[in-house]
file final-v5.pdb (PDB, C-alpha atoms and all ligand atoms)
ATOM      1  CA  MET A  82       0.000   0.000   0.000  1.00  0.00           C
ATOM      2  CA  LEU A  83       1.205   3.420  -0.974  1.00  0.00           C
ATOM      3  CA  TYR A  84       2.009   5.720   1.902  1.00  0.00           C
ATOM      4  CA  ILE A  85       1.986   9.457   1.545  1.00  0.00           C
ATOM      5  CA  ASP A  86       3.233  11.533   4.448  1.00  0.00           C
ATOM      6  CA  SER A  87       1.666  14.757   3.446  1.00  0.00           C
ATOM      7  CA  ILE A  88      -0.570  15.828   0.672  1.00  0.00           C
ATOM      8  CA  HIS A  89      -0.443  19.172  -0.991  1.00  0.00           C
ATOM      9  CA  ARG A  90      -4.080  19.788  -1.621  1.00  0.00           C
ATOM     10  CA  GLY A  91      -6.901  17.418  -0.915  1.00  0.00           C
ATOM     11  CA  ILE A  92      -8.767  15.555   1.763  1.00  0.00           C
ATOM     12  CA  VAL A  93      -7.786  13.321   4.646  1.00  0.00           C
ATOM     13  CA  ILE A  94     -10.540  11.155   6.051  1.00  0.00           C
ATOM     14  CA  ASP A  95      -9.348  10.410   9.559  1.00  0.00           C
ATOM     15  CA  HIS A  96     -10.465   8.362  12.579  1.00  0.00           C
ATOM     16  CA  ILE A  97     -12.163   5.697  10.510  1.00  0.00           C
ATOM     17  CA  LYS A  98     -12.873   2.685  12.673  1.00  0.00           C
ATOM     18  CA  ALA A  99     -10.145   0.088  11.996  1.00  0.00           C
ATOM     19  CA  GLY A 100     -11.428  -2.340   9.394  1.00  0.00           C
ATOM     20  CA  CYS A 101     -13.942   0.099   7.884  1.00  0.00           C
ATOM     21  CA  GLY A 102     -11.493   1.983   5.688  1.00  0.00           C
ATOM     22  CA  LEU A 103     -11.707  -0.379   2.748  1.00  0.00           C
ATOM     23  CA  SER A 104     -15.485  -0.229   2.478  1.00  0.00           C
ATOM     24  CA  ILE A 105     -15.431   3.571   2.600  1.00  0.00           C
ATOM     25  CA  PHE A 106     -12.597   3.592   0.060  1.00  0.00           C
ATOM     26  CA  LYS A 107     -14.724   1.482  -2.262  1.00  0.00           C
ATOM     27  CA  TYR A 108     -17.889   3.372  -1.452  1.00  0.00           C
ATOM     28  CA  LEU A 109     -16.256   6.613  -2.579  1.00  0.00           C
ATOM     29  CA  LYS A 110     -15.048   4.718  -5.682  1.00  0.00           C
ATOM     30  CA  LEU A 111     -11.449   5.651  -4.827  1.00  0.00           C
ATOM     31  CA  ASP A 112     -10.291   2.302  -6.213  1.00  0.00           C
ATOM     32  CA  GLU A 113     -11.231   3.750  -9.610  1.00  0.00           C
ATOM     33  CA  ALA A 114      -9.643   7.170  -9.022  1.00  0.00           C
ATOM     34  CA  ASP A 115      -7.086   8.505 -11.478  1.00  0.00           C
ATOM     35  CA  TYR A 116      -5.530  10.814  -8.882  1.00  0.00           C
ATOM     36  CA  THR A 117      -3.326   9.891  -5.907  1.00  0.00           C
ATOM     37  CA  VAL A 118      -5.185   8.154  -3.122  1.00  0.00           C
ATOM     38  CA  ALA A 119      -3.947   6.167  -0.158  1.00  0.00           C
ATOM     39  CA  LEU A 120      -5.728   3.858   2.214  1.00  0.00           C
ATOM     40  CA  ILE A 121      -3.867   3.375   5.460  1.00  0.00           C
ATOM     41  CA  MET A 122      -5.086   0.582   7.652  1.00  0.00           C
ATOM     42  CA  ASN A 123      -4.457  -0.058  11.334  1.00  0.00           C
ATOM     43  CA  ALA A 124      -2.637   3.199  11.946  1.00  0.00           C
ATOM     44  CA  PRO A 125      -2.003   3.874  15.638  1.00  0.00           C
ATOM     45  CA  SER A 126      -4.648   6.085  17.228  1.00  0.00           C
ATOM     46  CA  LYS A 127      -4.569   7.672  20.657  1.00  0.00           C
ATOM     47  CA  LYS A 128      -8.323   7.594  20.895  1.00  0.00           C
ATOM     48  CA  TYR A 129      -9.234   4.179  19.495  1.00  0.00           C
ATOM     49  CA  GLY A 130      -5.983   2.178  19.575  1.00  0.00           C
ATOM     50  CA  LYS A 131      -6.139   1.572  15.853  1.00  0.00           C
ATOM     51  CA  LYS A 132      -7.708   3.467  13.032  1.00  0.00           C
ATOM     52  CA  ASP A 133      -7.910   3.550   9.268  1.00  0.00           C
ATOM     53  CA  LEU A 134      -7.439   6.679   7.252  1.00  0.00           C
ATOM     54  CA  ILE A 135      -7.756   7.722   3.650  1.00  0.00           C
ATOM     55  CA  LYS A 136      -5.719  10.400   1.924  1.00  0.00           C
ATOM     56  CA  ILE A 137      -6.939  11.917  -1.280  1.00  0.00           C
ATOM     57  CA  GLU A 138      -4.732  14.198  -3.350  1.00  0.00           C
ATOM     58  CA  ASN A 139      -7.658  15.935  -4.986  1.00  0.00           C
ATOM     59  CA  THR A 140     -10.682  17.925  -4.017  1.00  0.00           C
ATOM     60  CA  ILE A 141     -13.757  15.813  -4.495  1.00  0.00           C
ATOM     61  CA  ASP A 142     -17.353  16.295  -3.603  1.00  0.00           C
ATOM     62  CA  MET A 143     -18.319  13.848  -0.939  1.00  0.00           C
ATOM     63  CA  ASP A 144     -21.684  13.008   0.426  1.00  0.00           C
ATOM     64  CA  LEU A 145     -20.978  13.712   4.086  1.00  0.00           C
ATOM     65  CA  THR A 146     -24.448  12.522   5.064  1.00  0.00           C
ATOM     66  CA  ILE A 147     -23.609   9.006   3.991  1.00  0.00           C
ATOM     67  CA  LEU A 148     -20.174   9.076   5.633  1.00  0.00           C
ATOM     68  CA  GLY A 149     -21.812  10.255   8.855  1.00  0.00           C
ATOM     69  CA  LEU A 150     -24.145   7.306   8.688  1.00  0.00           C
ATOM     70  CA  ILE A 151     -21.353   4.834   7.984  1.00  0.00           C
ATOM     71  CA  ASP A 152     -19.255   6.113  10.887  1.00  0.00           C
ATOM     72  CA  PRO A 153     -20.125   9.288  12.816  1.00  0.00           C
ATOM     73  CA  ASN A 154     -16.676   9.352  14.488  1.00  0.00           C
ATOM     74  CA  ILE A 155     -14.899  10.149  11.238  1.00  0.00           C
ATOM     75  CA  THR A 156     -13.080  13.475  10.957  1.00  0.00           C
ATOM     76  CA  ILE A 157     -12.513  15.056   7.574  1.00  0.00           C
ATOM     77  CA  ASN A 158      -9.527  17.338   7.124  1.00  0.00           C
ATOM     78  CA  ILE A 159      -9.409  19.622   4.151  1.00  0.00           C
ATOM     79  CA  ILE A 160      -5.791  20.200   3.152  1.00  0.00           C
ATOM     80  CA  ASP A 161      -4.492  23.124   1.198  1.00  0.00           C
ATOM     81  CA  ASP A 162      -0.805  23.931   0.776  1.00  0.00           C
ATOM     82  CA  GLU A 163       0.035  20.956   3.031  1.00  0.00           C
ATOM     83  CA  LYS A 164      -1.868  22.469   5.964  1.00  0.00           C
ATOM     84  CA  ILE A 165      -5.216  21.570   7.455  1.00  0.00           C
ATOM     85  CA  VAL A 166      -7.456  24.472   6.514  1.00  0.00           C
ATOM     86  CA  LYS A 167     -10.707  22.946   7.669  1.00  0.00           C
ATOM     87  CA  LYS A 168     -11.745  20.140   9.985  1.00  0.00           C
ATOM     88  CA  ILE A 169     -15.168  18.654   9.564  1.00  0.00           C
ATOM     89  CA  LYS A 170     -16.507  16.549  12.412  1.00  0.00           C
ATOM     90  CA  LEU A 171     -19.128  14.157  11.227  1.00  0.00           C
ATOM     91  CA  SER A 172     -22.187  13.257  13.177  1.00  0.00           C
ATOM     92  CA  LEU A 173     -25.313  11.305  12.504  1.00  0.00           C
ATOM     93  CA  PRO A 174     -27.427  13.429  10.204  1.00  0.00           C
ATOM     94  CA  LYS A 175     -30.547  14.876  11.864  1.00  0.00           C
ATOM     95  CA  LYS A 176     -32.586  13.988   8.831  1.00  0.00           C
ATOM     96  CA  VAL A 177     -32.141  11.219   6.279  1.00  0.00           C
ATOM     97  CA  GLU A 178     -34.031  11.485   3.031  1.00  0.00           C
ATOM     98  CA  GLY A 179     -34.290   8.718   0.494  1.00  0.00           C
ATOM     99  CA  LEU A 180     -31.594   6.456   1.978  1.00  0.00           C
ATOM    100  CA  ILE A 181     -33.640   4.438   4.447  1.00  0.00           C
ATOM    101  CA  LYS A 182     -36.934   2.931   3.457  1.00  0.00           C
ATOM    102  CA  CYS A 183     -39.865   2.739   5.838  1.00  0.00           C
ATOM    103  CA  LYS A 184     -40.885  -0.873   6.383  1.00  0.00           C
ATOM    104  CA  ASN A 185     -44.353  -0.150   7.712  1.00  0.00           C
ATOM    105  CA  PRO A 186     -46.759  -1.433   5.007  1.00  0.00           C
ATOM    106  CA  ARG A 187     -49.419   1.018   6.176  1.00  0.00           C
ATOM    107  CA  CYS A 188     -47.115   4.023   5.958  1.00  0.00           C
ATOM    108  CA  VAL A 189     -48.046   6.668   3.422  1.00  0.00           C
ATOM    109  CA  THR A 190     -44.600   6.205   1.803  1.00  0.00           C
ATOM    110  CA  SER A 191     -45.411   2.617   0.835  1.00  0.00           C
ATOM    111  CA  GLU A 192     -48.883   3.493  -0.426  1.00  0.00           C
ATOM    112  CA  GLU A 193     -47.866   6.451  -2.515  1.00  0.00           C
ATOM    113  CA  ARG A 194     -44.731   6.043  -4.544  1.00  0.00           C
ATOM    114  CA  ASP A 195     -44.086   9.715  -5.107  1.00  0.00           C
ATOM    115  CA  ILE A 196     -43.432  10.474  -1.459  1.00  0.00           C
ATOM    116  CA  GLU A 197     -39.788  10.468  -0.437  1.00  0.00           C
ATOM    117  CA  HIS A 198     -38.886   8.349   2.564  1.00  0.00           C
ATOM    118  CA  LYS A 199     -37.843  10.671   5.374  1.00  0.00           C
ATOM    119  CA  PHE A 200     -36.421   9.717   8.729  1.00  0.00           C
ATOM    120  CA  VAL A 201     -35.589  11.988  11.652  1.00  0.00           C
ATOM    121  CA  LEU A 202     -32.977  11.260  14.296  1.00  0.00           C
ATOM    122  CA  VAL A 203     -34.611  10.644  17.676  1.00  0.00           C
ATOM    123  CA  ASP A 204     -31.692   9.150  19.642  1.00  0.00           C
ATOM    124  CA  GLU A 205     -28.206  10.221  18.615  1.00  0.00           C
ATOM    125  CA  ASP A 206     -26.314   7.853  20.966  1.00  0.00           C
ATOM    126  CA  LYS A 207     -28.124   4.757  19.777  1.00  0.00           C
ATOM    127  CA  GLY A 208     -28.553   5.905  16.182  1.00  0.00           C
ATOM    128  CA  ILE A 209     -32.320   5.573  16.242  1.00  0.00           C
ATOM    129  CA  TYR A 210     -34.386   7.162  13.531  1.00  0.00           C
ATOM    130  CA  LYS A 211     -38.135   7.516  13.207  1.00  0.00           C
ATOM    131  CA  CYS A 212     -40.155   7.736  10.010  1.00  0.00           C
ATOM    132  CA  GLU A 213     -41.476  11.248   9.553  1.00  0.00           C
ATOM    133  CA  TYR A 214     -44.882   9.968   8.464  1.00  0.00           C
ATOM    134  CA  CYS A 215     -45.547   7.122  10.865  1.00  0.00           C
ATOM    135  CA  GLU A 216     -44.109   5.710  14.087  1.00  0.00           C
ATOM    136  CA  GLN A 217     -41.794   3.227  12.394  1.00  0.00           C
ATOM    137  CA  ILE A 218     -38.401   3.103  14.125  1.00  0.00           C
ATOM    138  CA  TYR A 219     -35.167   2.433  12.275  1.00  0.00           C
ATOM    139  CA  THR A 220     -31.872   1.698  13.992  1.00  0.00           C
ATOM    140  CA  TRP A 221     -28.769   2.432  12.027  1.00  0.00           C
ATOM    141  CA  GLU A 222     -26.131  -0.281  12.308  1.00  0.00           C
ATOM    142  CA  GLU A 223     -22.627   0.006  10.844  1.00  0.00           C
TER     143      GLU A 223
HETATM  144 ZN    ZN A 301     -43.354   5.317   7.696  1.00  0.00          ZN
END
call {"tool": "encode", "arguments": {"input": "final-v5.pdb", "output": "structure tokens"}}
result
Amino acid sequence: MLYIDSIHRGIVIDHIKAGCGLSIFKYLKLDEADYTVALIMNAPSKKYGKKDLIKIENTIDMDLTILGLIDPNITINIIDDEKIVKKIKLSLPKKVEGLIKCKNPRCVTSEERDIEHKFVLVDEDKGIYKCEYCEQIYTWEE
């Protein structure tokens, strides 16, 4: 695996739970990237013991909502001129639209196809979401 100490301009996705880096790497389609990317696995971490991180030598648009759902402990560092210019702390999104489907057969979202599935966060610690239209609960895992 390629190791890059510093990147000039791009993004470092840090504090990924050890073992989750590869799926995020693939999710962001970085295995198909034509710019410099590095996936570092099992790097030492003060906070978690071990962590994965991803370095991207490019500015890309990322769907932070999805990354927050995959792992809310992730930190995103925006690098410019080899310095961190911005740190983005992810958290579970307060609202999730279109990603989770309501499983309640009597919910308005299953009766009418044109309505977008919407879930609102009701318990941040446990990652529990509730359908905006009915009482259906959804627990986010992984
Ligand atoms: Zn519902």
call {"tool": "residues_around", "arguments": {"input": "final-v5.pdb", "residues": "region 164-167 of chain A", "least_positions_apart": "2", "cutoff": "12 Å", "atoms": "only C-alpha atoms", "output": "ChimeraX atom specification"}}
result
/A:87-94,156-162,169-170
call {"tool": "closest_residue", "arguments": {"input": "final-v5.pdb", "among": "A:Gly149, A:Pro186, A:Gly102, A:Gly208", "to": "ligand ZN 301 (chain A)", "atoms": "all atoms listed in the file"}}
result
A:Pro186
call {"tool": "atom_distance", "arguments": {"input": "final-v5.pdb", "atom1": "CA of Ile137 (chain A)", "atom2": "CA of Ile181 (chain A)"}}
result
28.3 Å
call {"tool": "closest_residue", "arguments": {"input": "final-v5.pdb", "among": "A:Ala124, A:Ile105, A:Cys188, A:Ile196", "to": "ligand ZN 301 (chain A)", "atoms": "only C-alpha atoms and all ligand atoms"}}
result
A:Cys188
call {"tool": "resolve_selection", "arguments": {"input": "final-v5.pdb", "expression": "the PyMOL selection byres (((chain A and resi 197) around 9) and not hetatm)", "output": "list in words"}}
result
Glu178, Gly179, Lys182, Thr190, Arg194, Asp195, Ile196, His198 and Lys199 of chain A
call {"tool": "closest_residue", "arguments": {"input": "final-v5.pdb", "among": "A:Leu173, A:Ile218, A:Ile151, A:Val203", "to": "Tyr108 (chain A)", "atoms": "all atoms listed in the file"}}
result
A:Ile151
call {"tool": "residues_around", "arguments": {"input": "final-v5.pdb", "residues": "Ile209 (chain A)", "least_positions_apart": "2", "cutoff": "8 Å", "atoms": "all atoms listed in the file", "output": "list of chain:residue names"}}
result
A:Leu202, A:Val203, A:Asp204, A:Glu205, A:Asp206, A:Lys207, A:Lys211, A:Ile218, A:Tyr219, A:Thr220, A:Trp221
call {"tool": "resolve_selection", "arguments": {"input": "final-v5.pdb", "expression": "the PyMOL selection byres (((not hetatm)) within 8 of (chain A and resi 301))", "output": "mmCIF file with C-alpha atoms, in the frame of the given file"}}
result
data_model
loop_
_atom_site.group_PDB
_atom_site.id
_atom_site.type_symbol
_atom_site.label_atom_id
_atom_site.label_comp_id
_atom_site.auth_asym_id
_atom_site.auth_seq_id
_atom_site.Cartn_x
_atom_site.Cartn_y
_atom_site.Cartn_z
ATOM 1 C CA CYS A 183 -39.865 2.739 5.838
ATOM 2 C CA LYS A 184 -40.885 -0.873 6.383
ATOM 3 C CA ASN A 185 -44.353 -0.150 7.712
ATOM 4 C CA ARG A 187 -49.419 1.018 6.176
ATOM 5 C CA CYS A 188 -47.115 4.023 5.958
ATOM 6 C CA VAL A 189 -48.046 6.668 3.422
ATOM 7 C CA THR A 190 -44.600 6.205 1.803
ATOM 8 C CA SER A 191 -45.411 2.617 0.835
ATOM 9 C CA HIS A 198 -38.886 8.349 2.564
ATOM 10 C CA LYS A 211 -38.135 7.516 13.207
ATOM 11 C CA CYS A 212 -40.155 7.736 10.010
ATOM 12 C CA GLU A 213 -41.476 11.248 9.553
ATOM 13 C CA TYR A 214 -44.882 9.968 8.464
ATOM 14 C CA CYS A 215 -45.547 7.122 10.865
ATOM 15 C CA GLU A 216 -44.109 5.710 14.087
ATOM 16 C CA GLN A 217 -41.794 3.227 12.394
#
call {"tool": "axis_aligned_box", "arguments": {"input": "final-v5.pdb", "around": "region 91-99 of chain A", "padding_each_side": "8 Å", "output": "JSON"}}
result
{"center_x": -9.9, "center_y": 8.8, "center_z": 5.9, "size_x": 22.0, "size_y": 33.3, "size_z": 29.6}
call {"tool": "residues_near_point", "arguments": {"input": "final-v5.pdb", "point": "(-3.6, 10.4, -0.2)", "cutoff": "6 Å", "atoms": "all atoms listed in the file", "output": "PDB file with C-alpha atoms, keeping the file's coordinate frame"}}
result
ATOM      1  CA  ILE A  85       1.986   9.457   1.545  1.00  0.00           C
ATOM      2  CA  THR A 117      -3.326   9.891  -5.907  1.00  0.00           C
ATOM      3  CA  VAL A 118      -5.185   8.154  -3.122  1.00  0.00           C
ATOM      4  CA  ALA A 119      -3.947   6.167  -0.158  1.00  0.00           C
ATOM      5  CA  LYS A 136      -5.719  10.400   1.924  1.00  0.00           C
ATOM      6  CA  ILE A 137      -6.939  11.917  -1.280  1.00  0.00           C
ATOM      7  CA  GLU A 138      -4.732  14.198  -3.350  1.00  0.00           C
TER       8      GLU A 138
END
call {"tool": "closest_residue", "arguments": {"input": "final-v5.pdb", "among": "A:Ile155, A:Lys176, A:Glu163, A:Phe200", "to": "Tyr129 (chain A)", "atoms": "only C-alpha atoms"}}
result
A:Ile155
call {"tool": "atom_distance", "arguments": {"input": "final-v5.pdb", "atom1": "CA of Lys110 (chain A)", "atom2": "CA of Asn154 (chain A)"}}
result
20.8 Å
call {"tool": "closest_residue", "arguments": {"input": "final-v5.pdb", "among": "A:Asp133, A:Asp95, A:Asp152, A:Glu113", "to": "Pro174 (chain A)", "atoms": "all atoms listed in the file"}}
result
A:Asp152
call {"tool": "closest_residue", "arguments": {"input": "final-v5.pdb", "among": "A:Ser172, A:His96, A:Glu193, A:Leu109", "to": "Leu134 (chain A)", "atoms": "only C-alpha atoms"}}
result
A:His96
call {"tool": "atom_distance", "arguments": {"input": "final-v5.pdb", "atom1": "CA of Lys175 (chain A)", "atom2": "CA of Asp142 (chain A)"}}
result
20.4 Å
call {"tool": "residues_around", "arguments": {"input": "final-v5.pdb", "residues": "Lys132 (chain A)", "least_positions_apart": "4", "cutoff": "8 Å", "atoms": "only C-alpha atoms", "output": "ChimeraX atom specification"}}
result
/A:95-100,122-126
call {"tool": "build_atoms", "arguments": {"input": "final-v5.pdb", "residues": "region 145-176 of chain A", "atoms": "N, CA and C atoms", "output": "compact mmCIF listing (two decimals), keeping the file's coordinate frame"}}
result
# COMPACT_ATOMS: atom_id res chain seq x y z
N LEU A 145 -21.32 13.84 2.67
CA LEU A 145 -20.98 13.71 4.09
C LEU A 145 -22.10 13.05 4.88
N THR A 146 -23.32 13.16 4.38
CA THR A 146 -24.45 12.52 5.06
C THR A 146 -24.22 11.02 5.15
N ILE A 147 -23.81 10.45 4.02
CA ILE A 147 -23.61 9.01 3.99
C ILE A 147 -22.41 8.61 4.85
N LEU A 148 -21.34 9.38 4.79
CA LEU A 148 -20.17 9.08 5.63
C LEU A 148 -20.54 9.16 7.11
N GLY A 149 -21.35 10.12 7.47
CA GLY A 149 -21.81 10.26 8.86
C GLY A 149 -22.62 9.06 9.30
N LEU A 150 -23.36 8.50 8.37
CA LEU A 150 -24.14 7.31 8.69
C LEU A 150 -23.25 6.08 8.82
N ILE A 151 -22.26 5.98 7.94
CA ILE A 151 -21.35 4.83 7.98
C ILE A 151 -20.58 4.85 9.30
N ASP A 152 -20.04 6.01 9.67
CA ASP A 152 -19.26 6.11 10.89
C ASP A 152 -19.22 7.56 11.37
N PRO A 153 -20.04 7.89 12.36
CA PRO A 153 -20.12 9.29 12.82
C PRO A 153 -18.87 9.79 13.52
N ASN A 154 -17.90 8.90 13.82
CA ASN A 154 -16.68 9.35 14.49
C ASN A 154 -15.60 9.86 13.53
N ILE A 155 -15.87 9.72 12.25
CA ILE A 155 -14.90 10.15 11.24
C ILE A 155 -14.66 11.66 11.30
N THR A 156 -13.41 12.06 11.11
CA THR A 156 -13.08 13.48 10.96
C THR A 156 -12.58 13.67 9.53
N ILE A 157 -12.99 14.75 8.92
CA ILE A 157 -12.51 15.06 7.57
C ILE A 157 -11.65 16.31 7.63
N ASN A 158 -10.43 16.20 7.16
CA ASN A 158 -9.53 17.34 7.12
C ASN A 158 -9.37 17.80 5.68
N ILE A 159 -9.62 19.05 5.47
CA ILE A 159 -9.41 19.62 4.15
C ILE A 159 -8.00 20.24 4.15
N ILE A 160 -7.18 19.78 3.21
CA ILE A 160 -5.79 20.20 3.15
C ILE A 160 -5.57 21.14 1.98
N ASP A 161 -4.91 22.23 2.27
CA ASP A 161 -4.49 23.12 1.20
C ASP A 161 -3.08 23.59 1.54
N ASP A 162 -2.20 23.53 0.57
CA ASP A 162 -0.80 23.93 0.78
C ASP A 162 -0.17 23.16 1.95
N GLU A 163 -0.49 21.88 2.01
CA GLU A 163 0.04 20.96 3.03
C GLU A 163 -0.39 21.28 4.47
N LYS A 164 -1.36 22.15 4.62
CA LYS A 164 -1.87 22.47 5.96
C LYS A 164 -3.36 22.15 6.04
N ILE A 165 -3.78 21.79 7.25
CA ILE A 165 -5.22 21.57 7.46
C ILE A 165 -5.90 22.93 7.50
N VAL A 166 -6.77 23.18 6.54
CA VAL A 166 -7.46 24.47 6.51
C VAL A 166 -8.87 24.36 7.08
N LYS A 167 -9.37 23.12 7.14
CA LYS A 167 -10.71 22.95 7.67
C LYS A 167 -10.84 21.54 8.23
N LYS A 168 -11.48 21.44 9.38
CA LYS A 168 -11.74 20.14 9.98
C LYS A 168 -13.25 19.97 10.06
N ILE A 169 -13.73 18.89 9.51
CA ILE A 169 -15.17 18.65 9.56
C ILE A 169 -15.42 17.45 10.45
N LYS A 170 -16.17 17.65 11.51
CA LYS A 170 -16.51 16.55 12.41
C LYS A 170 -17.86 16.01 11.98
N LEU A 171 -17.88 14.73 11.68
CA LEU A 171 -19.13 14.16 11.23
C LEU A 171 -20.00 13.79 12.41
N SER A 172 -21.27 13.74 12.17
CA SER A 172 -22.19 13.26 13.18
C SER A 172 -23.33 12.60 12.43
N LEU A 173 -24.16 11.91 13.16
CA LEU A 173 -25.31 11.30 12.50
C LEU A 173 -26.19 12.43 11.99
N PRO A 174 -26.58 12.36 10.73
CA PRO A 174 -27.43 13.43 10.20
C PRO A 174 -28.77 13.48 10.94
N LYS A 175 -29.27 14.70 11.16
CA LYS A 175 -30.55 14.88 11.86
C LYS A 175 -31.70 14.35 11.03
N LYS A 176 -31.52 14.42 9.73
CA LYS A 176 -32.59 13.99 8.83
C LYS A 176 -31.98 13.14 7.72
